[in-house]
Structure formats: C-alpha cells, structure tokens
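Visitor: Attaching a single structure in structure tokens format; questions to follow.
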Amino acid sequence: MPESFFLVSKEYPELAVDEVVTLVKMYDRFAKVKTISNLILVQSVTPWEKIARRATFVKTAGQLLRKMSNVFFDENNYSLLFGAKSFMCKAINLSDRPVDIPEIERSLGSMVSTFCNAKVSLEDPDVVIYMIFTEEENFFGFATKFEPAKRPEKLTKFHHELDWKLTRAMINLAKIHDDETVCDPFCGTGSTLLEAQSMGIKSIGIDFDEKMCKITKDNLKKNGFSAEVYNQNYDYMDQLSFDGIVTDLPYGTASKVSEPPKKIMKKFISKMPKKAKFAIMCKKGLDDGVKLNLTKKYEIYRHKSLTRMILVK
C-alpha cells in the first residue's frame, strides 16, 4: 500500500493534525495513520496530492520511500526521476539532535546527480527529494511538482469575518465529501461558500441581512462560482437540503442581530437537522449547557478578552 507523509503547520497544531487525519479517514476508512509531532505518516490508497489539495495547514507533503535506492528505482524498476529535468534535495529536522542541513542536502544532491541527468534547481524543481529526521527514525520521501488550488478572491470583505484558513479547515473537519453540499446559515461575505466551491463542494448560504447576501453573490461571481444564497433567517434551513453545516455564529458589536449570542446559540442548535454534520465557530462559553454530542472541540485564542471555539460533530 502506498505511503505518504504530511508536514503540517504549528499555527494550530492539534487542529492541523486532525484535519489531515480526518481527510485521510474520510477517503479511505482502512487507512493507517501515525503521527510524530507535526509529521503525519499515512498508508492509504488515496494519493497524497488529493489530501494536500484540500488540507489547509499542510506545509510539505509527498510519497514516502523506505529505502534511498527507491529514489532511483521502485519495485517496478522504474526510475522516479525519469523524465525530470531538475530536482532539489531538502532535509527537515524534527528531532532535538543537531543536524547539518546544508551538508546533508549537498551530499544527497551529489549522490542523486550521479544516477540521473537532472540538474539541481532551488526555485522550481520537477522533483523534490526529502530526508526527514525525527526522534524515532529517519525517512526518505519525494514529491513531484504540485500546483495547489487557486485562492478565491473577494471584492468585499470585513475585518471581523471568519479567517479563510479556519473556514477551510472547518469544512474538512466536518467531513464534507466532494459530492456533498455544505450550508452556512450566517454566510456574511461568503467565506464558507467560497472555500467550499474552491474545493469542488456545493454550497448554500443564508443571511438575514440583504446587503450581506448581495456581497456573497458578488464574491461568488468574481470567482466564477455559483451557489444558492437566501435572504432569510437561519431557521430557513428547514426548507433546504444539505449534508453539513459550517458557520461562524454572530457575536459582538460587529453583529447586527438583536438577540443575545447565548439565545441565538440555543435556538440555532434546536433548529439544526439532527443528523447533519457540522463545524461551528462561536465565542467560548456559548456552548455551555447545550447538548451537542461533539466529536471534537478546539480553542482558538484571539486576544486576552476573546477565545473562540470550533465545535465539531
């Protein structure tokens, strides 16, 4: 079974690891996963590119090799560097041991050069060969040239809107499959819809503010996306068909809602379809006393007077 590796950002370490693991298990429930710090090792039939294209916090990813000789010949005696005009070697030290990164990269590059006609390129190589050092063991890996998905653009956005990275991660943590539909009942400027559409996932937006609905539609149009956007209250969910909910509950002075956030939370939860998957962002404490049967909860620290929560089911 093919083995892959994913090195994730330490910005939100637990969330970053869980996002990759969730995607891996969503596509292949028989996949085997091992985590060493922020390195995730995966045995799965799912190509690493498919996971890396969706996962928000993956910094480096590729195919894992158990032997250095496999850089040149795999089990089918086929050179992995065949046809590559350029390559680079990159060493990554995740251990506490001192490692001479420049020397290892030079030595590895020299060895590779003796086996192929490809030339070293530090800017845009066809193949990147990795050597990863951890406390437990060391790994070889490689990645062919990989183009990440183009970032959606917004004509209009607000400073208090949901961060695109967390939006994208929430869609993944909610296990929204490629052929499913996600709903954002407080869609605002359309962050959830844009991120979903950029991943090839269908989306539906609801917002009681007519101005926000127009902004969302304009932002979707800017990117060539189309999605249903309804100028309604969140309880309009009852009239729609979807597979999961990803949203940021309104709060604070930037919100135009007249009801207290705690009351909105309770009413919103009572209106949600019982079997719907979800990832909800809310201010810490709003979920107190609300029965949600969560699978995971994450704290997102903003500043000393505000910690937000991501609630996942």
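Numbering starts fresh at 1 for the residues of each chain in the structure tokens, the chains themselves are lettered A, B, ... in the order given, and ligands are numbered from 1 as they appear.
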Could you name the residues that touch stretch 100-107 of chain A at 10 Å or less, counting only C-alpha atoms, but leaving out those on the same chain fewer than 3 positions away, as a ChimeraX atom specification?
Guide: /A:88-93,97,110-113,129-131
Visitor: Which neighbours of A:Val120 fall inside 9 Å, counting only C-alpha atoms, when residues of the same chain fewer than 2 positions from it are skipped, and could you give them as an MDAnalysis selection string?
Guide: chainID A and resid 85:89 109 113 118 122 125
Visitor: Could you dump the residues just selected with N, CA, C and O atoms as a PDB file, in the first residue's frame?
Guide:
ATOM      1  N   LYS A  85      13.774  17.049 -15.419  1.00  0.00           N
ATOM      2  CA  LYS A  85      14.883  17.881 -15.864  1.00  0.00           C
ATOM      3  C   LYS A  85      15.596  18.543 -14.695  1.00  0.00           C
ATOM      4  O   LYS A  85      16.750  18.973 -14.820  1.00  0.00           O
ATOM      5  N   SER A  86      14.907  18.627 -13.566  1.00  0.00           N
ATOM      6  CA  SER A  86      15.516  19.290 -12.419  1.00  0.00           C
ATOM      7  C   SER A  86      15.026  18.667 -11.116  1.00  0.00           C
ATOM      8  O   SER A  86      13.959  18.055 -11.063  1.00  0.00           O
ATOM      9  N   PHE A  87      15.805  18.830 -10.073  1.00  0.00           N
ATOM     10  CA  PHE A  87      15.440  18.319  -8.759  1.00  0.00           C
ATOM     11  C   PHE A  87      16.102  19.188  -7.695  1.00  0.00           C
ATOM     12  O   PHE A  87      17.008  19.976  -7.967  1.00  0.00           O
ATOM     13  N   MET A  88      15.642  19.032  -6.471  1.00  0.00           N
ATOM     14  CA  MET A  88      16.333  19.619  -5.328  1.00  0.00           C
ATOM     15  C   MET A  88      16.209  18.666  -4.153  1.00  0.00           C
ATOM     16  O   MET A  88      15.287  17.835  -4.104  1.00  0.00           O
ATOM     17  N   CYS A  89      17.143  18.734  -3.230  1.00  0.00           N
ATOM     18  CA  CYS A  89      17.103  17.909  -2.028  1.00  0.00           C
ATOM     19  C   CYS A  89      16.840  18.808  -0.825  1.00  0.00           C
ATOM     20  O   CYS A  89      17.416  19.890  -0.715  1.00  0.00           O
ATOM     21  N   GLY A 109      22.308  15.647  -2.817  1.00  0.00           N
ATOM     22  CA  GLY A 109      22.211  16.159  -4.184  1.00  0.00           C
ATOM     23  C   GLY A 109      23.303  15.599  -5.067  1.00  0.00           C
ATOM     24  O   GLY A 109      23.061  15.257  -6.234  1.00  0.00           O
ATOM     25  N   SER A 113      22.771  13.219  -8.403  1.00  0.00           N
ATOM     26  CA  SER A 113      23.322  13.659  -9.688  1.00  0.00           C
ATOM     27  C   SER A 113      24.090  12.558 -10.397  1.00  0.00           C
ATOM     28  O   SER A 113      24.146  12.520 -11.637  1.00  0.00           O
ATOM     29  N   ALA A 118      19.249  14.842 -14.400  1.00  0.00           N
ATOM     30  CA  ALA A 118      18.569  16.051 -13.931  1.00  0.00           C
ATOM     31  C   ALA A 118      19.552  16.974 -13.237  1.00  0.00           C
ATOM     32  O   ALA A 118      20.541  16.542 -12.638  1.00  0.00           O
ATOM     33  N   LEU A 122      16.833  25.143  -7.287  1.00  0.00           N
ATOM     34  CA  LEU A 122      16.316  25.505  -5.968  1.00  0.00           C
ATOM     35  C   LEU A 122      15.035  26.317  -6.049  1.00  0.00           C
ATOM     36  O   LEU A 122      14.396  26.580  -5.028  1.00  0.00           O
ATOM     37  N   PRO A 125      11.887  23.052  -9.050  1.00  0.00           N
ATOM     38  CA  PRO A 125      12.301  21.717  -9.481  1.00  0.00           C
ATOM     39  C   PRO A 125      11.125  20.838  -9.888  1.00  0.00           C
ATOM     40  O   PRO A 125      10.011  21.015  -9.397  1.00  0.00           O
TER      41      PRO A 125
END
Visitor: List the neighbours of A:Glu136 out to 9 Å using only C-alpha atoms; skip same-chain residues closer than 2 positions along the sequence, and give me the result as a count of residues only.
Guide: 5
Visitor: DSSP on the backbone, then: every residue of stretch 98-236 of chain A marked alpha helix (DSSP H), written as a ChimeraX atom specification.
Guide: /A:101-115,164-173,191-198,210-222
Visitor: Taking only C-alpha atoms into account, which of A:Ala31, A:Cys187, A:Leu193, A:Met170 comes nearest A:Asp209?
Guide: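 The answer is A:Cys187, which sits nearest to A:Asp209.
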Visitor: My list of candidates is A:Ala276, A:Ile245, A:Met212, A:Leu240. Which is closest to A:Glu161 when distances are computed with only C-alpha atoms?
Guide: A:Met212
Visitor: Find, counting only C-alpha atoms, the residue in A:Phe278, A:Phe208, A:Tyr236, A:Phe186 that gets nearest to A:Asp248.
Guide: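 Result for the nearest residue to A:Asp248: A:Phe186.
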Visitor: Please report the interatomic distance between atom CA of A:Ser4 and atom CA of A:Pro47 in Å with one decimal.
Guide: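 Calculated distance between atom CA of A:Ser4 and atom CA of A:Pro47 is 8.0 Å.
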Visitor: Just give me the gap between atom CA of A:Phe142 and atom CA of A:Gly62 in Å, one decimal is fine.
Guide: 5.5 Å
Visitor: Based on the backbone DSSP call, show me all residues of stretch 177-213 of chain A assigned strand (DSSP E or B), as a PyMOL selection string.
Guide: chain A and resi 181-184+202-206
Visitor: Emit the selected residues as an mmCIF file, in the first residue's frame, including N, CA, C and O atoms.
Guide:
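Contents of out08.cif, as written:
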data_model
loop_
_atom_site.group_PDB
_atom_site.id
_atom_site.type_symbol
_atom_site.label_atom_id
_atom_site.label_comp_id
_atom_site.auth_asym_id
_atom_site.auth_seq_id
_atom_site.Cartn_x
_atom_site.Cartn_y
_atom_site.Cartn_z
ATOM 1 N N THR A 181 -23.092 18.749 -0.073
ATOM 2 C CA THR A 181 -23.417 20.180 -0.024
ATOM 3 C C THR A 181 -23.283 20.684 1.405
ATOM 4 O O THR A 181 -23.782 20.071 2.345
ATOM 5 N N VAL A 182 -22.602 21.816 1.565
ATOM 6 C CA VAL A 182 -22.458 22.440 2.874
ATOM 7 C C VAL A 182 -23.316 23.694 2.933
ATOM 8 O O VAL A 182 -23.467 24.405 1.940
ATOM 9 N N CYS A 183 -23.883 23.952 4.094
ATOM 10 C CA CYS A 183 -24.736 25.134 4.288
ATOM 11 C C CYS A 183 -24.118 26.038 5.353
ATOM 12 O O CYS A 183 -23.651 25.559 6.389
ATOM 13 N N ASP A 184 -24.107 27.347 5.077
ATOM 14 C CA ASP A 184 -23.705 28.342 6.064
ATOM 15 C C ASP A 184 -24.905 29.233 6.349
ATOM 16 O O ASP A 184 -25.267 30.084 5.537
ATOM 17 N N LYS A 202 -20.368 21.661 -3.297
ATOM 18 C CA LYS A 202 -21.535 22.537 -3.469
ATOM 19 C C LYS A 202 -21.847 23.255 -2.154
ATOM 20 O O LYS A 202 -21.601 22.709 -1.076
ATOM 21 N N SER A 203 -22.426 24.448 -2.265
ATOM 22 C CA SER A 203 -22.681 25.214 -1.044
ATOM 23 C C SER A 203 -23.980 25.998 -1.132
ATOM 24 O O SER A 203 -24.466 26.315 -2.223
ATOM 25 N N ILE A 204 -24.527 26.294 0.051
ATOM 26 C CA ILE A 204 -25.749 27.096 0.190
ATOM 27 C C ILE A 204 -25.506 28.128 1.287
ATOM 28 O O ILE A 204 -24.956 27.804 2.340
ATOM 29 N N GLY A 205 -25.904 29.365 1.035
ATOM 30 C CA GLY A 205 -25.748 30.412 2.029
ATOM 31 C C GLY A 205 -27.071 31.015 2.452
ATOM 32 O O GLY A 205 -27.990 31.137 1.646
ATOM 33 N N ILE A 206 -27.159 31.385 3.729
ATOM 34 C CA ILE A 206 -28.340 32.070 4.268
ATOM 35 C C ILE A 206 -27.855 33.255 5.096
ATOM 36 O O ILE A 206 -26.894 33.130 5.858
#
Visitor: For a quick check of understanding, using only C-alpha atoms, which of A:Pro185, A:Ala61, A:Glu3, A:Gly244 has the smallest distance to A:Glu228?
Guide: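 The closest residue to A:Glu228 is A:Pro185.
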Visitor: If you count only C-alpha atoms, which residues fall within 7 Å of A:Ala174, apart from same-chain ones fewer than 6 positions away, as a PyMOL selection string?
Guide: chain A and resi 277-279+312-313
Visitor: Mind writing the picked residues with all heavy atoms as a short mmCIF file (atom, residue, chain, number, x, y, z; two decimals), in the first residue's frame?
Guide:
data_model
loop_
_atom_site.label_atom_id
_atom_site.label_comp_id
_atom_site.auth_asym_id
_atom_site.auth_seq_id
_atom_site.Cartn_x
_atom_site.Cartn_y
_atom_site.Cartn_z
N LYS A 277 -23.89 16.83 9.80
CA LYS A 277 -22.52 17.03 10.28
C LYS A 277 -22.31 18.54 10.43
O LYS A 277 -22.94 19.33 9.72
CB LYS A 277 -21.54 16.47 9.26
CG LYS A 277 -21.71 14.98 9.00
CD LYS A 277 -20.81 14.48 7.90
CE LYS A 277 -21.27 14.91 6.53
NZ LYS A 277 -20.49 14.27 5.44
N PHE A 278 -21.43 18.93 11.33
CA PHE A 278 -21.22 20.38 11.45
C PHE A 278 -19.86 20.73 12.04
O PHE A 278 -19.22 19.92 12.73
CB PHE A 278 -22.32 21.04 12.28
CG PHE A 278 -22.40 20.63 13.73
CD1 PHE A 278 -21.45 21.08 14.66
CD2 PHE A 278 -23.42 19.80 14.19
CE1 PHE A 278 -21.52 20.72 16.00
CE2 PHE A 278 -23.49 19.43 15.52
CZ PHE A 278 -22.54 19.89 16.43
N ALA A 279 -19.44 21.95 11.77
CA ALA A 279 -18.30 22.59 12.43
C ALA A 279 -18.73 24.03 12.65
O ALA A 279 -18.97 24.78 11.70
CB ALA A 279 -17.04 22.52 11.57
N VAL A 312 -17.14 20.53 16.67
CA VAL A 312 -17.23 19.61 15.53
C VAL A 312 -18.04 18.37 15.89
O VAL A 312 -17.87 17.79 16.96
CB VAL A 312 -15.83 19.18 15.05
CG1 VAL A 312 -15.94 18.22 13.87
CG2 VAL A 312 -14.99 20.40 14.67
N LYS A 313 -18.88 18.00 14.97
CA LYS A 313 -19.62 16.73 15.10
C LYS A 313 -19.58 16.02 13.77
O LYS A 313 -19.88 16.60 12.74
CB LYS A 313 -21.07 17.00 15.49
CG LYS A 313 -21.91 15.71 15.56
CD LYS A 313 -23.36 16.02 15.85
CE LYS A 313 -24.22 14.77 15.80
NZ LYS A 313 -25.64 15.05 16.00
#
Visitor: Interatomic distance between atom CA of A:Lys217 and atom CA of A:Glu195?
Guide: 13.8 Å
Visitor: For A:Phe146, please output as a list of chain:residue names all residues within 12 Å (counting only C-alpha atoms; exclusion window: fewer than 5 positions along the same chain).
Guide: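 Near neighbours after the sequence-gap exclusion: A:Trp48, A:Glu49, A:Lys50, A:Ala52, A:Arg53, A:Thr60, A:Ala61, A:Gly62, A:Asp124, A:Pro125, A:Asp126, A:Val127, A:Val128.
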Visitor: Would you kindly return, as a PyMOL selection string, each protein, DNA or RNA residue with an atom no farther than 12 Å from any atom of stretch 290-295 of chain A, considering only C-alpha atoms and excluding same-chain residues fewer than 2 positions away?
Guide: chain A and resi 18+22+173-175+262-270+272-280+285-288+297-298+310-313
Visitor: Near A:Arg168, counting only C-alpha atoms, which residues have an atom at most 10 Å away, once you skip same-chain residues fewer than 6 positions from it, shown as a list in words?
Guide: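 What passes the distance filter is Glu19, Arg54, Ala55, Thr56, Phe57, Ser191, Thr192, Leu193, Leu194, Glu195, Ala196, Ser198, Met199 and Val246 of chain A.
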